[in-house]
Each structure stands twice: as C-alpha cells, then as structure tokens.
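First comes the structure, then the notes that go with it.
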Amino acid sequence: MAENYSFEYFTVQFPTDRQYVAHVEINRPERLNAFIEVMWENMAQIFNKLSSDPAVRAIVLSGAGAKAFTAGLDVKAASEGLLSSDSDAKIDPARKAVAFRRHITAFQDCITAVEHCEKPVVVALHGFSLGLAIDLATATDVRLCARDARFGVKEVDIGLAADIGTLSRLPKVVGNFGWVKEVALTAREFGAEEALRVGFVNAVYDTREATIAAAFKLASLMASKSPVAVQGTKEILNYSRDHSVQDGLRYTSVWNSAALQTQDVSAALMSGLQKRTPTFEKL
C-alpha cells in the first residue's frame with residue numbers, strides 16, 4: 001500500500017501494529033518542514049486519497065525532525081514566487097486580483113482537504129508550529145502537542161492577514177475571540193500550557209515521541225470503532241459547527257436515515273452483550 005503514497009516531502013506509513021491507522025509525516029526537516037508550493041499540492045493529494053482508502057480508518061499527522069512540526073510558509077521561496085514584488089504595470093489590477101484569488105483559494109482547498117477527509121485526523125505538534133501550522137492544526141480533529149511546542153499566528157509579521165484558514169477556524173476551536181485577536185494581531189508566540197488552557201490542544205506530553213505515541217493510541221481507539229459511525233460523527237459535528245442547532249438536527253436525521261441501516265449497529269450491540277471486541281467491514 002505504501003508505494004501508492006510516494007511523495008518527496010511527505011512520508012506516509014501504515015504501521016503493522018496499528019490496524020487501520022495511517023501515519024502522515026511532513027518530511028523537510030532541514031528547512032524546519034517549511035512549506036513550498038508542491039507540498040501544499042501533495043498534502044491535498046494524500047488526504048484526498050486517504051479519505052477514500054478502505055484500509056484506513058484514522059490518521060496521525062506529525063512533522064519529521066526534532067525542531068519543528070512546521071515553521072510555516074517557506075518565505076524565501078514564496079518571495080520568489082507568488083509573493084514576489086516584481087510586478088508588470090501593464091497588467092490590469094482586477095485581472096491580477098483574480099489570479100491572486102485563484103491561488104489563495106487553491107491553497108485554502110489544500111488545507112480544507114484535511115478537514116474534509118472522511119477519516120478522523122489526530123495531529124501531534126512539537127517544536128516550532130507557526131503560521132501554516134495553525135492553519136493545518138485547526139483543520140484536524142484532535143490536537144496534541146509536546147511541551148516544547150511554540151505556536152504563533154505569524155502572518156502579520158510578513159505583511160499579510162492569515163488567509164488559509166486560521167482566522168476562520170481558530171475562533172471556533174478555542175471559542176475566545178479576544179484571545180484569537182490578541183495572538184493574530186500581535187503575532188506573539190505562545191507555548192504548550194497556554195495552548196492547553198485556551199483549548200487549542202487536548203493534551204500536552206513531555207516529548208515529541210510521547211506525543212506521537214499518544215496520537216497513535218487515540219487514533220487506534222477511533223479506528224477500532226464502526227467506520228460508518230466514525231465517519232458520520234465527524235461529518236455531523238463539522239456540519240453542526242457551521243450551522244444552527246435546527247439545521248444540524250435535520251442534517252443528522254437525513255444522514256442517519258441511511259447510516260442506521262448498517263449492520264455495524266447489530267455487530268456492536270452483540271459484541272457488547274457477548275463481551276468481545278467487535279469487527280467491522282471496510283468502508
């Protein structure tokens with residue numbers, strides 16, 4: 001299976017001791033896992049593929065190397081490309097704006113691929129987790145971090161408003177607009193304990209290795225449940241977050257009118273009565 005997930009800056013593995021769990025690792029440690037354009041595209045390809053892979057039920061996302069999950073956008077590469085100051089004065093501003101909008105939307109879609117992945121994604125953050133790291137983390141389902149994690153919404157330091165997801169998702173993750181505005185408008189860094197206090201992360205662990213181990217434990221537990229139930233739960237939670245309670249209830253009734261017909265319900269109930277671990281078909 002691994003040969004179908006071959007990418008230069010990502011390592012995708014399927015640990016034999018973690019059934020139905022995939023491990024996606026950002027792999028550009030010599031540049032603190034900073035993102036260049038091809039990495040955005042590859043990430044979307046990976047998560048779109050994992051989303052429909054019947055052999056995968058949960059995903060762990062981490063960064064290679066001891067220093068960083070990701071330091072965010074590779075500013076040097078971006079300054080020579082999309083953010084280059086070179087400009088052709090003959091280009092109509094409206095047409096240039098359309099080109100920029102298309103680029104931004106394409107990058108947003110790469111992050112949204114993580115959120116739209118049908119499988120739950122647990123991210124293990126460590127070291128420098130800046131800028132794009134926040135965009136990416138807020139698109140995952142559960143966030144864990146190491147004690148050395150250093151977070152920051154850094155875009156104002158390079159003359160930008162964060163445009164890939166942080167400003168839309170982070171307030172909903174932590175439920176505190178004042179705190180989000182503070183860190184986004186100042187670009188100040190914050191650590192693991194503050195991230196835990198405001199609800200950005202679920203738990204803090206002593207080391208990168210311990211964080212990844214905890215992520216695998218959590219992902220394995222999710223993967224042991226009915227894939228029909230897990231997929232539906234993630235879908236309904238994300239939908240309900242962005243809609244009214246009444247809209248969420250209606251969507252749930254429509255979704256479960258189909259999903260409740262699964263054999264997984266009887267399999268789970270019988271396993272509980274018989275005190276055994278249930279098994280479920282691939283989805």
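Following the order of the structure tokens, chains are lettered A, B, ..., residues in each are numbered from 1, and ligands are numbered from 1.
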
Contacts of Thr277 in chain A within 12 Å, only C-alpha atoms, excl. fewer than 2 positions in-chain, as a list in words: Leu221, Ser224, Lys225, Ser226, Ala267, Ala268, Leu269, Met270, Ser271, Gly272, Leu273, Gln274, Lys275, Thr279 and Phe280 of chain A

Residue list (alpha helix (DSSP H), DSSP) for range 13-164 of chain A, as a PyMOL selection string: chain A and resi 37-52+75-79+93-116+132-138

Could you turn the residues from that selection into a file that holds C-alpha atoms, as a short mmCIF file (atom, residue, chain, number, x, y, z; two decimals), in the first residue's frame?
data_model
loop_
_atom_site.label_atom_id
_atom_site.label_comp_id
_atom_site.auth_asym_id
_atom_site.auth_seq_id
_atom_site.Cartn_x
_atom_site.Cartn_y
_atom_site.Cartn_z
CA GLU A 37 4.10 25.08 -3.25
CA VAL A 38 4.46 21.42 -4.22
CA MET A 39 3.98 20.43 -0.57
CA TRP A 40 0.54 22.05 -0.46
CA GLU A 41 -0.50 20.12 -3.55
CA ASN A 42 0.94 16.84 -2.23
CA MET A 43 -0.80 17.22 1.11
CA ALA A 44 -4.18 17.61 -0.57
CA GLN A 45 -3.47 14.57 -2.76
CA ILE A 46 -2.52 12.49 0.28
CA PHE A 47 -5.58 13.35 2.37
CA ASN A 48 -7.98 13.03 -0.55
CA LYS A 49 -6.57 9.57 -1.21
CA LEU A 50 -6.65 8.52 2.45
CA SER A 51 -10.22 9.77 2.71
CA SER A 52 -11.47 7.05 0.36
CA VAL A 75 9.05 32.75 2.99
CA LYS A 76 12.15 32.76 0.79
CA ALA A 77 10.54 30.52 -1.81
CA ALA A 78 7.27 32.47 -1.62
CA SER A 79 9.06 35.80 -2.08
CA PRO A 93 -5.24 45.26 -11.30
CA ALA A 94 -8.58 43.46 -11.45
CA ARG A 95 -7.10 40.66 -13.52
CA LYS A 96 -4.12 40.41 -11.22
CA ALA A 97 -6.56 40.20 -8.28
CA VAL A 98 -8.40 37.34 -9.97
CA ALA A 99 -5.12 35.44 -10.34
CA PHE A 100 -4.26 36.02 -6.67
CA ARG A 101 -7.74 34.90 -5.59
CA ARG A 102 -7.40 31.69 -7.56
CA HIS A 103 -4.03 30.99 -5.93
CA ILE A 104 -5.36 31.69 -2.44
CA THR A 105 -8.44 29.53 -3.00
CA ALA A 106 -6.28 26.67 -4.26
CA PHE A 107 -4.10 26.86 -1.13
CA GLN A 108 -7.19 27.05 1.09
CA ASP A 109 -8.53 23.91 -0.60
CA CYS A 110 -5.31 22.07 0.26
CA ILE A 111 -5.88 22.73 3.98
CA THR A 112 -9.59 22.03 3.70
CA ALA A 113 -8.73 18.59 2.28
CA VAL A 114 -7.61 17.67 5.81
CA GLU A 115 -10.88 18.88 7.34
CA HIS A 116 -12.96 17.18 4.63
CA LEU A 132 0.68 27.46 8.43
CA ALA A 133 0.97 25.02 11.35
CA ILE A 134 -2.01 26.75 12.96
CA ASP A 135 -3.97 26.66 9.69
CA LEU A 136 -3.25 22.95 9.38
CA ALA A 137 -3.85 22.06 13.03
CA THR A 138 -7.25 23.75 13.13
#

Residue nearest Glu235 in chain A - candidates A:Asn256, A:Arg150, A:Thr166, A:Arg143, atoms counted: only C-alpha atoms: A:Asn256

Picked from range 9-255 of chain A by DSSP as strand (DSSP E), as a ChimeraX atom specification: /A:10-13,21-26,58-63,68-70,121-125,128-130,142-146,150-152,190-191,203-205

Residue contacts of Ala162 in chain A (12 Å, only C-alpha atoms) excluding same-chain residues fewer than 3 positions away, as a PyMOL selection string: chain A and resi 72-73+104+107-108+130-135+152-159+165-170+181+183-185+187

May I have the selected residues written with N, CA, C and O atoms, as a compact mmCIF listing (two decimals), in the first residue's frame?
# COMPACT_ATOMS: atom_id res chain seq x y z
N GLY A 72 6.00 26.83 9.05
CA GLY A 72 5.03 27.55 8.25
C GLY A 72 5.43 27.67 6.80
O GLY A 72 6.04 26.76 6.22
N LEU A 73 5.11 28.78 6.20
CA LEU A 73 5.41 29.03 4.80
C LEU A 73 6.91 29.26 4.63
O LEU A 73 7.54 29.95 5.42
N ILE A 104 -4.98 31.79 -3.85
CA ILE A 104 -5.36 31.69 -2.44
C ILE A 104 -6.40 30.60 -2.23
O ILE A 104 -6.30 29.78 -1.30
N PHE A 107 -4.82 27.19 -2.36
CA PHE A 107 -4.10 26.86 -1.13
C PHE A 107 -5.08 26.56 0.00
O PHE A 107 -4.86 25.64 0.80
N GLN A 108 -6.17 27.33 0.08
CA GLN A 108 -7.19 27.05 1.09
C GLN A 108 -7.75 25.64 0.92
O GLN A 108 -7.97 24.91 1.90
N LEU A 130 4.29 27.17 13.62
CA LEU A 130 3.98 28.56 13.36
C LEU A 130 3.20 28.75 12.07
O LEU A 130 3.31 27.95 11.14
N GLY A 131 2.43 29.83 12.01
CA GLY A 131 1.76 30.21 10.77
C GLY A 131 0.91 29.11 10.19
O GLY A 131 -0.16 28.76 10.72
N LEU A 132 1.39 28.54 9.11
CA LEU A 132 0.68 27.46 8.43
C LEU A 132 0.37 26.30 9.37
O LEU A 132 -0.63 25.60 9.19
N ALA A 133 1.22 26.10 10.38
CA ALA A 133 0.97 25.02 11.35
C ALA A 133 -0.37 25.22 12.04
O ALA A 133 -1.08 24.24 12.34
N ILE A 134 -0.73 26.47 12.31
CA ILE A 134 -2.01 26.75 12.96
C ILE A 134 -3.15 26.50 11.97
O ILE A 134 -4.17 25.89 12.32
N ASP A 135 -2.98 26.95 10.72
CA ASP A 135 -3.97 26.66 9.69
C ASP A 135 -4.24 25.16 9.61
O ASP A 135 -5.39 24.71 9.59
N GLY A 152 2.38 30.22 16.93
CA GLY A 152 2.23 31.62 16.61
C GLY A 152 1.48 31.82 15.31
O GLY A 152 1.70 31.08 14.35
N VAL A 153 0.57 32.80 15.31
CA VAL A 153 -0.11 33.22 14.09
C VAL A 153 0.75 34.36 13.54
O VAL A 153 0.61 35.51 13.93
N LYS A 154 1.67 34.04 12.65
CA LYS A 154 2.77 34.93 12.31
C LYS A 154 2.54 35.82 11.09
O LYS A 154 3.42 36.61 10.73
N GLU A 155 1.40 35.71 10.45
CA GLU A 155 1.24 36.36 9.16
C GLU A 155 1.40 37.88 9.19
O GLU A 155 1.93 38.47 8.24
N VAL A 156 0.97 38.53 10.27
CA VAL A 156 1.11 40.00 10.28
C VAL A 156 2.58 40.42 10.28
O VAL A 156 2.91 41.54 9.88
N ASP A 157 3.46 39.53 10.70
CA ASP A 157 4.89 39.84 10.68
C ASP A 157 5.48 39.84 9.28
O ASP A 157 6.59 40.33 9.08
N ILE A 158 4.76 39.26 8.33
CA ILE A 158 5.25 39.30 6.94
C ILE A 158 4.28 40.08 6.05
O ILE A 158 4.26 39.92 4.84
N GLY A 159 3.47 40.92 6.69
CA GLY A 159 2.63 41.84 5.94
C GLY A 159 1.36 41.26 5.38
O GLY A 159 0.79 41.81 4.43
N GLY A 165 -6.94 29.75 6.62
CA GLY A 165 -7.89 29.05 7.48
C GLY A 165 -7.87 29.45 8.94
O GLY A 165 -8.88 29.31 9.64
N THR A 166 -6.75 29.95 9.44
CA THR A 166 -6.64 30.25 10.87
C THR A 166 -7.71 31.21 11.35
O THR A 166 -8.36 30.98 12.38
N LEU A 167 -7.92 32.31 10.63
CA LEU A 167 -8.85 33.34 11.11
C LEU A 167 -10.30 32.86 11.07
O LEU A 167 -11.16 33.41 11.77
N SER A 168 -10.58 31.85 10.26
CA SER A 168 -11.93 31.29 10.18
C SER A 168 -12.14 30.15 11.18
O SER A 168 -13.22 30.02 11.76
N ARG A 169 -11.09 29.34 11.40
CA ARG A 169 -11.27 28.14 12.21
C ARG A 169 -10.83 28.30 13.66
O ARG A 169 -11.46 27.73 14.57
N LEU A 170 -9.74 29.05 13.91
CA LEU A 170 -9.22 29.13 15.27
C LEU A 170 -10.24 29.68 16.27
O LEU A 170 -10.34 29.13 17.38
N LYS A 181 -7.83 37.33 18.63
CA LYS A 181 -7.44 38.63 18.09
C LYS A 181 -6.10 39.09 18.66
O LYS A 181 -5.27 39.65 17.94
N VAL A 183 -3.49 37.18 19.70
CA VAL A 183 -2.34 36.47 19.12
C VAL A 183 -2.22 36.72 17.61
O VAL A 183 -1.11 36.72 17.07
N ALA A 184 -3.35 36.95 16.94
CA ALA A 184 -3.30 37.19 15.50
C ALA A 184 -2.83 38.60 15.16
O ALA A 184 -2.13 38.80 14.16
N LEU A 185 -3.18 39.57 15.98
CA LEU A 185 -2.81 40.96 15.70
C LEU A 185 -1.41 41.31 16.17
O LEU A 185 -0.80 42.27 15.68
N ALA A 187 1.07 38.69 16.62
CA ALA A 187 1.97 37.62 16.17
C ALA A 187 2.83 37.08 17.31
O ALA A 187 3.85 36.43 17.06

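In terms of minimum interatomic distance to Leu144 in chain A, A:Glu209 ranks closest within A:Glu209, A:Asp92, A:Asp74, A:Asp163, counting only C-alpha atoms.
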
Distance of CA of Phe14 in chain A from CA of Ser220 in chain A, expressed in Å to one decimal place: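 According to the coordinates, CA of Ser220 in chain A and CA of Phe14 in chain A are separated by 11.8 Å.
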